[in-house]
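upload.cif, holding mmCIF, C-alpha atoms:
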```
data_coords
#
loop_
_atom_site.label_atom_id
_atom_site.label_comp_id
_atom_site.auth_asym_id
_atom_site.auth_seq_id
_atom_site.Cartn_x
_atom_site.Cartn_y
_atom_site.Cartn_z
CA MET A 19 6.84 -6.92 2.67
CA GLN A 20 8.40 -6.55 -0.77
CA TYR A 21 6.68 -4.60 -3.55
CA LYS A 22 6.53 -7.74 -5.71
CA ASP A 23 4.61 -9.57 -2.96
CA ILE A 24 1.73 -7.07 -2.67
CA ASN A 25 -1.59 -8.75 -3.45
CA ASN A 26 -4.27 -6.09 -2.94
CA PRO A 27 -4.76 -2.32 -2.67
CA LYS A 28 -4.79 -2.36 1.13
CA GLU A 29 -1.36 -4.05 1.19
CA LEU A 30 -0.10 -1.51 -1.35
CA LEU A 31 -1.24 1.38 0.85
CA THR A 32 0.51 -0.15 3.86
CA PHE A 33 3.67 -0.76 1.81
CA MET A 34 3.67 2.85 0.64
CA ASP A 35 4.06 4.03 4.22
CA GLU A 36 7.75 3.29 3.62
CA ILE A 37 7.79 6.15 1.09
CA GLU A 38 8.35 9.64 2.44
CA TYR A 39 6.80 12.74 0.91
CA GLY A 40 9.35 14.77 -1.04
CA PHE A 41 11.80 14.24 -3.87
CA VAL A 42 15.44 13.81 -4.79
CA THR A 43 17.14 16.64 -6.72
CA PRO A 44 19.46 15.89 -9.66
CA ASP A 45 22.44 16.42 -7.33
CA ASN A 46 20.94 13.79 -4.95
CA LYS A 47 19.76 16.22 -2.29
CA ARG A 48 16.80 14.72 -0.43
CA ILE A 49 13.95 17.23 -0.04
CA ILE A 50 11.67 15.84 2.65
CA GLY A 51 8.19 17.17 3.31
CA SER A 52 6.64 20.30 1.92
CA GLY A 53 7.59 23.85 2.80
CA ASN A 54 10.22 26.39 1.79
CA ASP A 55 12.90 23.85 0.83
CA PHE A 56 10.34 21.98 -1.29
CA ASP A 57 9.11 25.17 -2.98
CA GLU A 58 12.63 26.48 -3.62
CA ASN A 59 13.72 23.22 -5.29
CA ILE A 60 10.57 22.06 -7.11
CA LEU A 61 11.83 23.26 -10.49
CA SER A 62 14.72 20.80 -10.17
CA TRP A 63 12.29 17.88 -9.65
CA THR A 64 11.80 15.28 -12.39
CA LEU A 65 9.17 12.55 -12.48
CA SER A 66 10.50 9.33 -10.96
CA SER A 67 9.92 5.95 -12.50
CA PRO A 68 8.40 3.41 -10.10
CA LYS A 69 11.80 1.68 -9.95
CA HIS A 70 13.54 4.92 -8.92
CA LEU A 71 10.84 5.67 -6.35
CA LEU A 72 11.28 2.20 -4.84
CA GLU A 73 15.04 2.80 -4.63
CA THR A 74 14.87 6.27 -3.06
CA LYS A 75 11.68 5.76 -1.01
CA LEU A 76 11.02 9.47 -1.56
CA GLY A 77 8.41 11.01 -3.83
CA HIS A 78 5.54 13.44 -3.84
CA CYS A 79 2.08 12.74 -5.23
CA PHE A 80 3.17 12.90 -8.89
CA ASP A 81 5.77 10.17 -8.32
CA GLN A 82 3.63 8.08 -6.00
CA VAL A 83 0.73 7.92 -8.46
CA GLU A 84 3.07 6.42 -11.07
CA LEU A 85 4.03 3.62 -8.66
CA GLU A 86 0.32 3.11 -7.97
CA ARG A 87 -0.39 3.12 -11.73
CA GLU A 88 2.20 0.39 -12.26
CA TRP A 89 0.77 -1.80 -9.48
CA PHE A 90 -2.88 -1.39 -10.56
CA THR A 91 -1.94 -2.05 -14.20
CA ASN A 92 -0.03 -5.21 -13.29
CA HIS A 93 -2.94 -6.46 -11.20
CA ASN A 94 -5.59 -5.80 -13.85
CA TYR A 95 -7.67 -3.28 -11.94
CA PRO A 96 -9.66 -0.73 -13.92
CA PHE A 97 -8.39 2.69 -12.80
CA LYS A 98 -7.93 6.33 -13.76
CA THR A 99 -5.58 9.06 -12.61
CA TYR A 100 -6.55 12.66 -11.88
CA PHE A 101 -4.80 15.99 -11.49
CA LEU A 102 -6.06 19.00 -9.50
CA ILE A 103 -4.75 22.47 -10.39
CA PHE A 104 -5.77 26.06 -9.78
CA ASN A 105 -5.71 27.77 -13.18
CA LEU A 106 -4.50 31.19 -12.13
CA PRO A 107 -3.27 33.83 -14.58
CA TYR A 108 0.12 34.08 -12.87
CA SER A 109 2.97 31.69 -12.14
CA ASN A 110 2.04 30.61 -8.60
CA GLN A 111 -0.70 28.10 -9.31
CA GLY A 112 -1.33 27.23 -5.68
CA PRO A 113 -1.24 23.64 -4.49
CA THR A 114 -1.59 20.87 -7.07
CA HIS A 115 -2.38 17.22 -6.48
CA THR A 116 -2.61 13.91 -8.33
CA PHE A 117 -4.45 10.79 -7.24
CA LEU A 118 -5.63 7.40 -8.46
CA VAL A 119 -9.17 6.01 -8.57
CA TYR A 120 -9.88 2.33 -9.07
CA GLU A 121 -13.05 0.32 -9.55
CA GLU A 122 -14.00 -2.88 -7.77
CA ASN A 123 -17.38 -4.56 -7.23
CA ASN A 124 -19.28 -1.65 -8.83
CA LYS A 125 -17.75 0.84 -6.39
CA TYR A 126 -15.15 3.57 -6.89
CA TYR A 127 -12.17 3.91 -4.58
CA HIS A 128 -9.98 6.94 -4.04
CA PHE A 129 -6.53 5.48 -3.35
CA GLU A 130 -4.64 8.17 -1.44
CA HIS A 131 -1.19 7.96 0.07
CA ALA A 132 0.67 11.22 -0.60
CA ASP A 133 -1.99 13.47 0.97
CA GLY A 134 -1.50 12.70 4.64
CA LEU A 135 -4.72 14.52 5.61
CA ASN A 136 -6.78 12.18 3.43
CA ARG A 137 -4.61 9.05 3.40
CA GLY A 138 -6.48 5.83 2.93
CA ILE A 139 -8.75 3.97 0.56
CA HIS A 140 -12.09 5.76 0.41
CA GLU A 141 -15.16 4.06 -1.05
CA PHE A 142 -17.80 5.86 -3.15
CA ASN A 143 -20.91 4.71 -4.99
CA THR A 144 -20.23 6.93 -8.01
CA LEU A 145 -17.22 8.47 -9.68
CA LYS A 146 -18.95 11.85 -9.56
CA GLU A 147 -19.29 11.62 -5.77
CA LEU A 148 -15.61 10.67 -5.46
CA LEU A 149 -14.39 13.53 -7.70
CA THR A 150 -16.63 16.04 -5.92
CA THR A 151 -15.12 15.00 -2.58
CA ALA A 152 -11.54 15.20 -3.92
CA TYR A 153 -12.33 18.63 -5.38
CA GLN A 154 -13.71 19.87 -2.05
CA ASN A 155 -10.74 18.43 -0.13
CA GLN A 156 -8.40 20.41 -2.38
CA ILE A 157 -10.44 23.60 -1.88
CA ASN A 158 -10.37 23.10 1.89
CA TYR A 159 -6.60 22.60 1.86
CA ALA A 160 -5.96 25.57 -0.45
CA LYS A 161 -7.97 28.01 1.69
CA ALA A 162 -4.77 28.59 3.67
CA PHE A 163 -2.99 29.81 0.49
CA LEU A 164 -5.60 31.28 -1.86
CA ASN A 165 -8.45 33.79 -1.71
CA GLU A 166 -12.07 33.06 -2.64
CA GLU A 167 -11.68 34.16 -6.29
CA GLU A 168 -8.56 32.04 -6.72
CA LEU A 169 -10.30 29.01 -5.22
CA LYS A 170 -12.92 29.20 -7.98
CA THR A 171 -10.27 28.38 -10.60
CA LEU A 172 -9.73 24.77 -9.48
CA SER A 173 -9.87 22.25 -12.33
CA ILE A 174 -9.70 18.46 -12.47
CA TYR A 175 -8.01 16.64 -15.35
CA GLU A 176 -8.07 12.92 -16.07
CA TYR A 177 -4.68 11.98 -17.49
CA SER A 178 -2.72 9.07 -18.90
CA LYS A 179 0.80 7.95 -18.07
CA PRO A 180 3.30 10.78 -18.54
CA PRO A 181 6.90 10.17 -19.63
CA TYR A 182 9.33 9.63 -16.77
CA ASN A 183 12.12 12.10 -16.01
CA ILE A 184 10.23 15.15 -17.30
CA ASP A 185 10.64 18.32 -15.27
CA PHE A 186 7.96 20.12 -13.27
CA ILE A 187 6.90 22.60 -15.97
CA SER A 188 6.81 19.89 -18.66
CA TYR A 189 4.82 17.64 -16.33
CA ILE A 190 2.15 20.28 -15.64
CA ASP A 191 2.02 21.08 -19.35
CA TYR A 192 1.65 17.38 -20.23
CA LEU A 193 -1.25 16.87 -17.81
CA THR A 194 -3.15 20.01 -18.82
CA THR A 195 -2.50 19.64 -22.56
CA ASN A 196 -2.92 15.87 -22.93
CA GLY A 197 -5.37 15.35 -20.08
CA LYS A 198 -9.15 15.52 -20.32
CA LYS A 199 -10.60 18.41 -18.33
CA ILE A 200 -13.38 17.05 -16.12
CA ARG A 201 -14.30 20.20 -14.22
#
```
Would you put the structure from the file into structure tokens?
Amino acid sequence: MQYKDINNPKELLTFMDEIEYGFVTPDNKRIIGSGNDFDENILSWTLSSPKHLLETKLGHCFDQVELEREWFTNHNYPFKTYFLIFNLPYSNQGPTHTFLVYEENNKYYHFEHADGLNRGIHEFNTLKELLTTAYQNQINYAKAFLNEEELKTLSIYEYSKPPYNIDFISYIDYLTTNGKKIR
């Protein structure tokens, strides 16, 4: 299936299985998966446009959400995007994550591709229930990296479309400065 032929969120999720988790460095090195190579190169990452992501078929959650944003915008779905970050007083912020939520038939759906542990389209009756679940999923994941006090610093931001090609630090700054803190 071609991206232009996708008709519904379920087809989009299936299509996105063609996209690997990772990113392409400015010197065209493909960083696949998470781990040491990912961590060592993340400061060379820049936010991909949907077109670039479709060409490379490689992007982490930040990039993938922008492709999702484009599709949901073009198909007139009401949606919002969210960012999870541990607000620690030192440079290692722990794991971050972005995701998209859309509305349909008075229900809220967490559209998740990049997080392989929670991949899918998950239905909720309320946005609060959805965000609480996403928050708890991030806490559960981060328990392997952070202590109990650090886990308490998790925040959720609702954010609008960031500029493409911004670097990692500028991206985080954009989301936390321009986004609306939810929790």
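Pairwise distance (CA of Asp81 (chain A), CA of Ala152 (chain A)) equals 18.6 Å.
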Problem set entry | For Gln156 (chain A), the nearest of the candidates A:Gly134, A:Pro68, A:Pro113, A:Pro107, counting only C-alpha atoms | A:Pro113
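For the pair CA of Val42 (chain A) and CA of Asp133 (chain A), the separation is 18.4 Å.
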Exercise. Rounded to one decimal in Å, what is the spacing between CA of Asn143 (chain A) and CA of His128 (chain A)?
Worked result: 11.2 Å
Problem set entry | Test item: residues at most 9 Å from Glu84 (chain A), all atoms listed in the file, excluding those fewer than 3 positions along its chain, as a PyMOL selection string | chain A and resi 65-68+79-81+87-89+179-180
Residues just named, written with C-alpha atoms as an mmCIF file, keeping the file's coordinate frame:
```
data_model
loop_
_atom_site.group_PDB
_atom_site.id
_atom_site.type_symbol
_atom_site.label_atom_id
_atom_site.label_comp_id
_atom_site.auth_asym_id
_atom_site.auth_seq_id
_atom_site.Cartn_x
_atom_site.Cartn_y
_atom_site.Cartn_z
ATOM 1 C CA LEU A 65 9.170 12.550 -12.480
ATOM 2 C CA SER A 66 10.500 9.330 -10.960
ATOM 3 C CA SER A 67 9.920 5.950 -12.500
ATOM 4 C CA PRO A 68 8.400 3.410 -10.100
ATOM 5 C CA CYS A 79 2.080 12.740 -5.230
ATOM 6 C CA PHE A 80 3.170 12.900 -8.890
ATOM 7 C CA ASP A 81 5.770 10.170 -8.320
ATOM 8 C CA ARG A 87 -0.390 3.120 -11.730
ATOM 9 C CA GLU A 88 2.200 0.390 -12.260
ATOM 10 C CA TRP A 89 0.770 -1.800 -9.480
ATOM 11 C CA LYS A 179 0.800 7.950 -18.070
ATOM 12 C CA PRO A 180 3.300 10.780 -18.540
#
```
For this session: Run the PyMOL selection byres ((chain A and resi 61) around 8) on the file and write out the hits as a PyMOL selection string.
Result: chain A and resi 58-60+62-63+185-187
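For the structure shown here, the set of residues caught by the PyMOL selection byres ((chain A and resi 159) around 12) is Leu102, Gly112, Pro113, Thr114, His115, Asp133, Gly134, Leu135, Asn136, Ala152, Tyr153, Gln154, Asn155, Gln156, Ile157, Asn158, Ala160, Lys161, Ala162, Phe163, Leu164, Asn165, Leu169 and Leu172 of chain A.
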Around all of region 139-154 of chain A's listed atoms, make the axis-aligned box with 5 Å on each side and tell me centre and edge lengths in Å to one decimal, as AutoDock Vina command-line options.
```
--center_x -14.8 --center_y 11.9 --center_z -4.6 --size_x 22.2 --size_y 25.9 --size_z 20.2
```
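Closest approach to Phe41 (chain A) among A:Asp23, A:Glu166, A:Glu73, A:Glu29 is made by A:Glu73 (distances from all atoms listed in the file).
In terms of minimum interatomic distance to Glu176 (chain A), A:Tyr100 ranks closest within A:Tyr39, A:Tyr100, A:Tyr120, A:Tyr108, counting all atoms listed in the file.
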